[in-house]
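Input: a single structure, listed below in C-alpha cells.
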Amino acid sequence: MSVRKDLERDWCLPGERLLLGISPKGLDIGSRVGDQVRVPHPPAPGGPEPVPIAIDYPTLSVHAPDLQGDDWIEEPGLGWWAEAEQDGDDAVVAADHLAACSGQASIAITDRRFAVVFPDRLLAATRARLAAETREKSVLKRVTSALDDWTKQDKWVFRDVVVSLWEVDRGRVARWWKATAGRSVPFHTVVRVEFGDGSILSTPWVPHTFIRDS
C-alpha cells in the first residue's frame with residue numbers, strides 16, 4: 001500500500017508538500033505520561049467514531065505495564081509510543097486519536113500541518129451514508145458489487161480517501177528523524193516526531209514509510 005499516494009491524491013491541499021507519511025500499523029499504542037505508563041494508551045472520549053474494526057494485535061506481555069525507555073519497541077503488539085510530561089501535550093493528543101482507531105489511523109506531516117489521518121470510509125458516519133446510498137441505488141447493486149466489497153473492508157486499503165482526525169499547524173512540530181532503539185540485535189529503526197512542547201511520538205520504521213528531510 002502506498003500511503004504517500006493516498007495522502008497526496010486527496011488529502012494534501014493544492015500546493016501543499018508532503019514531508020512525512022506513515023502507513024497504518026495495525027497495532028496498539030502505548031505511552032508514558034509523566035511517571036505513568038499506559039499500555040494500551042486509552043482513547044479520548046468524544047472523538048469521531050470508527051466502524052467496528054477487527055483487532056488482531058499480538059498479546060502484550062505481562063511486563064508491558066512496566067516498560068522503561070525504549071523497551072516498548074520489543075513489544076510486538078505496539079506500533080506507536082508517546083512520551084510526554086502531561087496530558088494535553090501534542091504527542092498525547094495524537095496518541096488519544098490513534099488509540100481510538102484500532103490500528104488503522106496514522107500520521108502525516110506537510111509544510112503546513114501535522115495530522116492524525118484515517119480513511120474516511122472507516123468512519124461510522126461515512127459508512128452509514130454509503131449504506132443509505134447503496135439502498136437508494138439498489139438497481140445498480142450487481143454492477144457495483146466489487147465497489148461494495150471494497151467499502152465494507154475494515155482496514156485501510158490502497159485508494160482510500162483520507163481525512164484528518166486531528167491536526168495542528170506545522171510550526172508545532174520541532175523535528176522528526178530516524179533513530180535506532182531497543183535491546184535486541186539487530187537494533188530496531190524507529191521514526192520519532194518531536195513537538196515544540198517536548199513531547200515525542202515514535203513508531204517503527206517500515207519500508208512503506210515516506211520521509212523527506214525536514
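Here, A, B, ... name the chains of the C-alpha cells in the order displayed, residue numbers run from 1 inside each chain, and ligands are numbered from 1 in the same displayed order.
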Could you give me the residues within segment 19-178 of chain A that DSSP places in helix (DSSP H, G or I), as a ChimeraX atom specification? /A:64-66,71-74,90-99,120-122,124-136,138-140,145-151,170-172
Spatial neighbours of Arg212 of chain A, max dist 9 Å, only C-alpha atoms, sep filter under 6 positions, as a count of residues only: 3
Leaving out Val193 of chain A and any residue of its chain fewer than 4 positions from it, which residues lie within 8 Å of it when counting only C-alpha atoms, given as an MDAnalysis selection string? chainID A and resid 173:177 200:202
Keeping only N, CA and C atoms, write those residues as a short mmCIF file (atom, residue, chain, number, x, y, z; two decimals), in the first residue's frame.
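Listing of selection28.cif after writing:
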data_model
loop_
_atom_site.label_atom_id
_atom_site.label_comp_id
_atom_site.auth_asym_id
_atom_site.auth_seq_id
_atom_site.Cartn_x
_atom_site.Cartn_y
_atom_site.Cartn_z
N VAL A 173 5.50 21.26 15.29
CA VAL A 173 6.44 20.15 15.20
C VAL A 173 7.86 20.72 15.16
N ALA A 174 8.69 20.28 16.11
CA ALA A 174 10.07 20.78 16.17
C ALA A 174 10.97 20.07 15.16
N ARG A 175 10.82 18.74 15.05
CA ARG A 175 11.68 17.97 14.14
C ARG A 175 11.19 16.53 14.06
N TRP A 176 11.70 15.80 13.08
CA TRP A 176 11.47 14.36 13.00
C TRP A 176 12.73 13.72 12.43
N TRP A 177 12.97 12.46 12.81
CA TRP A 177 14.20 11.81 12.41
C TRP A 177 14.08 10.30 12.61
N ILE A 200 7.15 13.51 22.48
CA ILE A 200 7.67 12.76 21.33
C ILE A 200 6.74 11.59 21.01
N LEU A 201 6.46 11.42 19.74
CA LEU A 201 5.70 10.28 19.24
C LEU A 201 6.63 9.43 18.39
N SER A 202 6.71 8.13 18.67
CA SER A 202 7.62 7.24 17.95
C SER A 202 6.86 6.07 17.35
#
Show me, as a list in words, the residues that have an atom within 9 Å of segment 68-76 of chain A when counting only C-alpha atoms, minus same-chain residues fewer than 4 positions from it. Leu27, Gly30, Ser31, Arg32, Val37, Tyr57, Pro58, Thr59, Leu60, Ser61, Ala64, Trp80, Trp81, Ala181, Gly182, Arg183, Ser184, His188, Val190, Thr203 and Pro204 of chain A
Write a file of the selected residues as a tab-separated table (two decimals), in the first residue's frame, keeping C-alpha atoms.
chain	number	residue	atom	x	y	z
A	27	LEU	CA	-1.07	-2.42	16.19
A	30	GLY	CA	1.40	2.82	24.45
A	31	SER	CA	2.60	5.89	26.29
A	32	ARG	CA	4.45	7.31	29.25
A	37	VAL	CA	2.88	4.11	31.78
A	57	TYR	CA	-2.94	-7.36	17.95
A	58	PRO	CA	-0.35	-9.77	19.36
A	59	THR	CA	-0.89	-10.27	23.07
A	60	LEU	CA	1.06	-7.80	25.20
A	61	SER	CA	3.45	-9.34	27.69
A	64	ALA	CA	4.11	-4.19	29.34
A	80	TRP	CA	3.31	3.58	18.47
A	81	TRP	CA	4.72	5.14	21.63
A	181	ALA	CA	16.30	1.68	19.51
A	182	GLY	CA	15.80	-1.48	21.55
A	183	ARG	CA	17.95	-4.12	23.18
A	184	SER	CA	17.84	-6.88	20.60
A	188	HIS	CA	15.18	-1.56	15.52
A	190	VAL	CA	12.16	3.99	14.57
A	203	THR	CA	6.80	4.38	15.59
A	204	PRO	CA	8.82	1.55	14.00
Just the residues within 10 Å of Asp160 of chain A, please, counting only C-alpha atoms, with nothing from its chain fewer than 5 positions along; format it as a list in words.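 Contacts, in chain order: Val3, Lys5, Asp6, Leu7, Arg9, Asp10, Phe118, Pro119, Asp120, Arg121, Leu122, Trp150, Thr151 and Lys155 of chain A.
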Could you state the separation of atom CA of Gly47 of chain A and atom CA of Pro65 of chain A in Å, given to one decimal place? 25.3 Å
Can you pull out the residues contacting segment 105-107 of chain A? Cut-off 8 Å, using only C-alpha atoms, and skip same-chain residues under 3 positions away; I want them as a list in words.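 With the cut-off at 8 Å, the set is Gly21, Ile22, Ser23, Pro24, Lys25, His97, Leu98, Cys101, Ser102, Phe114, Ala115, Val116, Val117, Phe118 and Pro119 of chain A.
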Those residues with all heavy atoms, as a compact mmCIF listing (two decimals), in the first residue's frame please?
# COMPACT_ATOMS: atom_id res chain seq x y z
N GLY A 21 4.92 10.59 5.68
CA GLY A 21 3.70 9.81 5.62
C GLY A 21 3.96 8.43 6.16
O GLY A 21 4.83 7.72 5.65
N ILE A 22 3.26 8.04 7.20
CA ILE A 22 3.45 6.75 7.85
C ILE A 22 2.28 5.84 7.51
O ILE A 22 1.11 6.25 7.59
CB ILE A 22 3.53 6.91 9.38
CG1 ILE A 22 4.62 7.91 9.78
CG2 ILE A 22 3.75 5.56 10.05
CD1 ILE A 22 6.02 7.42 9.58
N SER A 23 2.56 4.61 7.13
CA SER A 23 1.50 3.64 6.89
C SER A 23 0.87 3.21 8.21
O SER A 23 1.54 3.20 9.25
CB SER A 23 2.06 2.41 6.17
OG SER A 23 2.57 2.75 4.90
N PRO A 24 -0.42 2.86 8.22
CA PRO A 24 -1.05 2.37 9.44
C PRO A 24 -0.36 1.10 9.91
O PRO A 24 0.08 0.28 9.10
CB PRO A 24 -2.50 2.11 9.03
CG PRO A 24 -2.43 1.92 7.54
CD PRO A 24 -1.35 2.83 7.06
N LYS A 25 -0.27 0.93 11.22
CA LYS A 25 0.49 -0.19 11.79
C LYS A 25 -0.36 -1.43 12.07
O LYS A 25 0.17 -2.52 12.18
CB LYS A 25 1.17 0.25 13.10
CG LYS A 25 2.12 1.44 12.93
CD LYS A 25 3.26 1.11 12.01
CE LYS A 25 4.23 2.27 11.90
NZ LYS A 25 5.41 1.97 11.08
N HIS A 97 -6.01 10.02 19.65
CA HIS A 97 -6.74 9.78 18.40
C HIS A 97 -6.29 8.49 17.72
O HIS A 97 -7.11 7.75 17.17
CB HIS A 97 -6.57 10.97 17.46
CG HIS A 97 -7.32 12.19 17.91
ND1 HIS A 97 -6.85 13.06 18.88
CD2 HIS A 97 -8.53 12.67 17.53
CE1 HIS A 97 -7.73 14.02 19.06
NE2 HIS A 97 -8.76 13.81 18.27
N LEU A 98 -5.00 8.21 17.77
CA LEU A 98 -4.51 6.94 17.22
C LEU A 98 -5.14 5.76 17.93
O LEU A 98 -5.50 4.75 17.31
CB LEU A 98 -2.99 6.88 17.32
CG LEU A 98 -2.19 7.79 16.39
CD1 LEU A 98 -0.74 7.89 16.87
CD2 LEU A 98 -2.24 7.27 14.96
N CYS A 101 -8.71 4.13 16.97
CA CYS A 101 -8.98 3.64 15.62
C CYS A 101 -8.46 2.24 15.34
O CYS A 101 -8.24 1.86 14.18
CB CYS A 101 -8.40 4.63 14.61
SG CYS A 101 -9.21 6.24 14.72
N SER A 102 -8.24 1.44 16.37
CA SER A 102 -7.92 0.02 16.21
C SER A 102 -6.80 -0.24 15.22
O SER A 102 -6.87 -1.15 14.40
CB SER A 102 -9.18 -0.74 15.78
OG SER A 102 -10.23 -0.55 16.71
N PHE A 114 0.60 19.12 10.83
CA PHE A 114 0.75 17.75 11.33
C PHE A 114 -0.65 17.22 11.56
O PHE A 114 -1.52 17.94 12.07
CB PHE A 114 1.52 17.72 12.65
CG PHE A 114 1.43 16.39 13.36
CD1 PHE A 114 2.39 15.41 13.13
CD2 PHE A 114 0.38 16.10 14.23
CE1 PHE A 114 2.30 14.17 13.75
CE2 PHE A 114 0.28 14.86 14.86
CZ PHE A 114 1.24 13.90 14.62
N ALA A 115 -0.89 15.96 11.22
CA ALA A 115 -2.24 15.41 11.39
C ALA A 115 -2.21 13.93 11.72
O ALA A 115 -1.32 13.19 11.31
CB ALA A 115 -3.07 15.63 10.13
N VAL A 116 -3.19 13.51 12.51
CA VAL A 116 -3.54 12.10 12.63
C VAL A 116 -4.58 11.84 11.55
O VAL A 116 -5.61 12.52 11.49
CB VAL A 116 -4.12 11.77 14.01
CG1 VAL A 116 -4.59 10.31 14.07
CG2 VAL A 116 -3.09 12.04 15.10
N VAL A 117 -4.29 10.91 10.66
CA VAL A 117 -5.14 10.69 9.49
C VAL A 117 -5.78 9.30 9.53
O VAL A 117 -5.26 8.37 10.17
CB VAL A 117 -4.33 10.87 8.18
CG1 VAL A 117 -3.90 12.31 8.02
CG2 VAL A 117 -3.11 9.96 8.16
N PHE A 118 -6.89 9.18 8.80
CA PHE A 118 -7.71 7.98 8.88
C PHE A 118 -8.55 7.87 7.61
O PHE A 118 -8.97 8.90 7.07
CB PHE A 118 -8.62 8.08 10.12
CG PHE A 118 -9.38 6.84 10.47
CD1 PHE A 118 -8.72 5.69 10.89
CD2 PHE A 118 -10.76 6.82 10.41
CE1 PHE A 118 -9.43 4.55 11.24
CE2 PHE A 118 -11.48 5.68 10.76
CZ PHE A 118 -10.80 4.54 11.17
N PRO A 119 -8.81 6.67 7.11
CA PRO A 119 -9.68 6.54 5.93
C PRO A 119 -11.10 7.02 6.22
O PRO A 119 -11.73 6.56 7.18
CB PRO A 119 -9.65 5.04 5.63
CG PRO A 119 -8.41 4.53 6.29
CD PRO A 119 -8.26 5.37 7.53
Give me the residues near segment 43-46 of chain A as a list in words, where near means some atom within 12 Å (using only C-alpha atoms) and where sequence neighbours in that chain fewer than 2 positions away do not count. Asp28, Ile29, Gly30, Ser31, Arg38, Val39, Pro40, His41, Pro48, Glu49, Pro50, Asp87, Gly88, Val92, Val93, Ala94, Ala95, Asp96, His97, Leu98, Ala99, Ala100, Cys101, Ser102, Gly103, Leu165 and Trp166 of chain A
Selected residue of minimal separation from Pro52 of chain A among A:Arg127, A:His208, A:Arg113, A:Arg17, counting only C-alpha atoms: A:Arg127
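The space separating atom CA of Gly15 of chain A from atom CA of Thr110 of chain A comes to 10.5 Å.
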Judged by only C-alpha atoms, the minimum distance to Ile211 of chain A among A:Arg129, A:Ala108, A:Pro186, A:Asp89 is found for A:Ala108
Taking only C-alpha atoms into account, which of A:Asp90, A:Glu85, A:Asp66, A:Asp154 comes nearest Gly26 of chain A?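 Using only C-alpha atoms, Gly26 of chain A sits closest to A:Asp154.
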Identify all residues of segment 19-86 of chain A in strand (DSSP E) (DSSP on the backbone) and supply them as a ChimeraX atom specification. /A:19-21,28-33,36-38,78-84
Would you mind exporting N, CA and C atoms of the selected residues as a PDB file, in the first residue's frame?
ATOM      1  N   LEU A  19       5.800  15.868   3.661  1.00  0.00           N
ATOM      2  CA  LEU A  19       7.138  15.677   4.199  1.00  0.00           C
ATOM      3  C   LEU A  19       7.304  14.330   4.895  1.00  0.00           C
ATOM      4  N   LEU A  20       6.232  13.819   5.483  1.00  0.00           N
ATOM      5  CA  LEU A  20       6.278  12.535   6.184  1.00  0.00           C
ATOM      6  C   LEU A  20       4.929  11.865   6.060  1.00  0.00           C
ATOM      7  N   GLY A  21       4.925  10.593   5.684  1.00  0.00           N
ATOM      8  CA  GLY A  21       3.699   9.812   5.622  1.00  0.00           C
ATOM      9  C   GLY A  21       3.962   8.425   6.165  1.00  0.00           C
ATOM     10  N   ASP A  28      -1.341  -1.726  18.474  1.00  0.00           N
ATOM     11  CA  ASP A  28      -1.782  -0.881  19.581  1.00  0.00           C
ATOM     12  C   ASP A  28      -0.788   0.247  19.824  1.00  0.00           C
ATOM     13  N   ILE A  29      -1.138   1.149  20.744  1.00  0.00           N
ATOM     14  CA  ILE A  29      -0.289   2.275  21.101  1.00  0.00           C
ATOM     15  C   ILE A  29      -0.110   2.325  22.612  1.00  0.00           C
ATOM     16  N   GLY A  30       1.113   2.641  23.036  1.00  0.00           N
ATOM     17  CA  GLY A  30       1.400   2.816  24.451  1.00  0.00           C
ATOM     18  C   GLY A  30       1.969   4.200  24.690  1.00  0.00           C
ATOM     19  N   SER A  31       2.090   4.560  25.976  1.00  0.00           N
ATOM     20  CA  SER A  31       2.600   5.892  26.292  1.00  0.00           C
ATOM     21  C   SER A  31       3.186   5.930  27.696  1.00  0.00           C
ATOM     22  N   ARG A  32       4.007   6.952  27.894  1.00  0.00           N
ATOM     23  CA  ARG A  32       4.448   7.311  29.246  1.00  0.00           C
ATOM     24  C   ARG A  32       4.169   8.791  29.412  1.00  0.00           C
ATOM     25  N   VAL A  33       3.231   9.109  30.297  1.00  0.00           N
ATOM     26  CA  VAL A  33       2.844  10.494  30.541  1.00  0.00           C
ATOM     27  C   VAL A  33       3.225  10.828  31.976  1.00  0.00           C
ATOM     28  N   GLN A  36       3.586   7.889  34.553  1.00  0.00           N
ATOM     29  CA  GLN A  36       2.552   6.870  34.373  1.00  0.00           C
ATOM     30  C   GLN A  36       2.678   6.201  33.009  1.00  0.00           C
ATOM     31  N   VAL A  37       2.848   4.886  33.020  1.00  0.00           N
ATOM     32  CA  VAL A  37       2.875   4.105  31.778  1.00  0.00           C
ATOM     33  C   VAL A  37       1.460   3.647  31.463  1.00  0.00           C
ATOM     34  N   ARG A  38       1.051   3.842  30.208  1.00  0.00           N
ATOM     35  CA  ARG A  38      -0.286   3.455  29.774  1.00  0.00           C
ATOM     36  C   ARG A  38      -0.162   2.487  28.596  1.00  0.00           C
ATOM     37  N   LEU A  78       2.848  -3.450  19.954  1.00  0.00           N
ATOM     38  CA  LEU A  78       2.853  -1.987  19.988  1.00  0.00           C
ATOM     39  C   LEU A  78       3.428  -1.421  18.691  1.00  0.00           C
ATOM     40  N   GLY A  79       2.694  -0.518  18.074  1.00  0.00           N
ATOM     41  CA  GLY A  79       3.155   0.125  16.857  1.00  0.00           C
ATOM     42  C   GLY A  79       3.426   1.604  17.022  1.00  0.00           C
ATOM     43  N   TRP A  80       3.104   2.160  18.200  1.00  0.00           N
ATOM     44  CA  TRP A  80       3.306   3.582  18.474  1.00  0.00           C
ATOM     45  C   TRP A  80       3.657   3.755  19.944  1.00  0.00           C
ATOM     46  N   TRP A  81       4.393   4.833  20.234  1.00  0.00           N
ATOM     47  CA  TRP A  81       4.720   5.143  21.626  1.00  0.00           C
ATOM     48  C   TRP A  81       4.801   6.657  21.790  1.00  0.00           C
ATOM     49  N   ALA A  82       4.112   7.177  22.800  1.00  0.00           N
ATOM     50  CA  ALA A  82       4.131   8.611  23.093  1.00  0.00           C
ATOM     51  C   ALA A  82       4.830   8.855  24.421  1.00  0.00           C
ATOM     52  N   GLU A  83       5.685   9.873  24.468  1.00  0.00           N
ATOM     53  CA  GLU A  83       6.379  10.298  25.688  1.00  0.00           C
ATOM     54  C   GLU A  83       6.040  11.764  25.924  1.00  0.00           C
ATOM     55  N   ALA A  84       5.554  12.081  27.126  1.00  0.00           N
ATOM     56  CA  ALA A  84       5.176  13.463  27.410  1.00  0.00           C
ATOM     57  C   ALA A  84       5.194  13.708  28.909  1.00  0.00           C
TER      58      ALA A  84
END
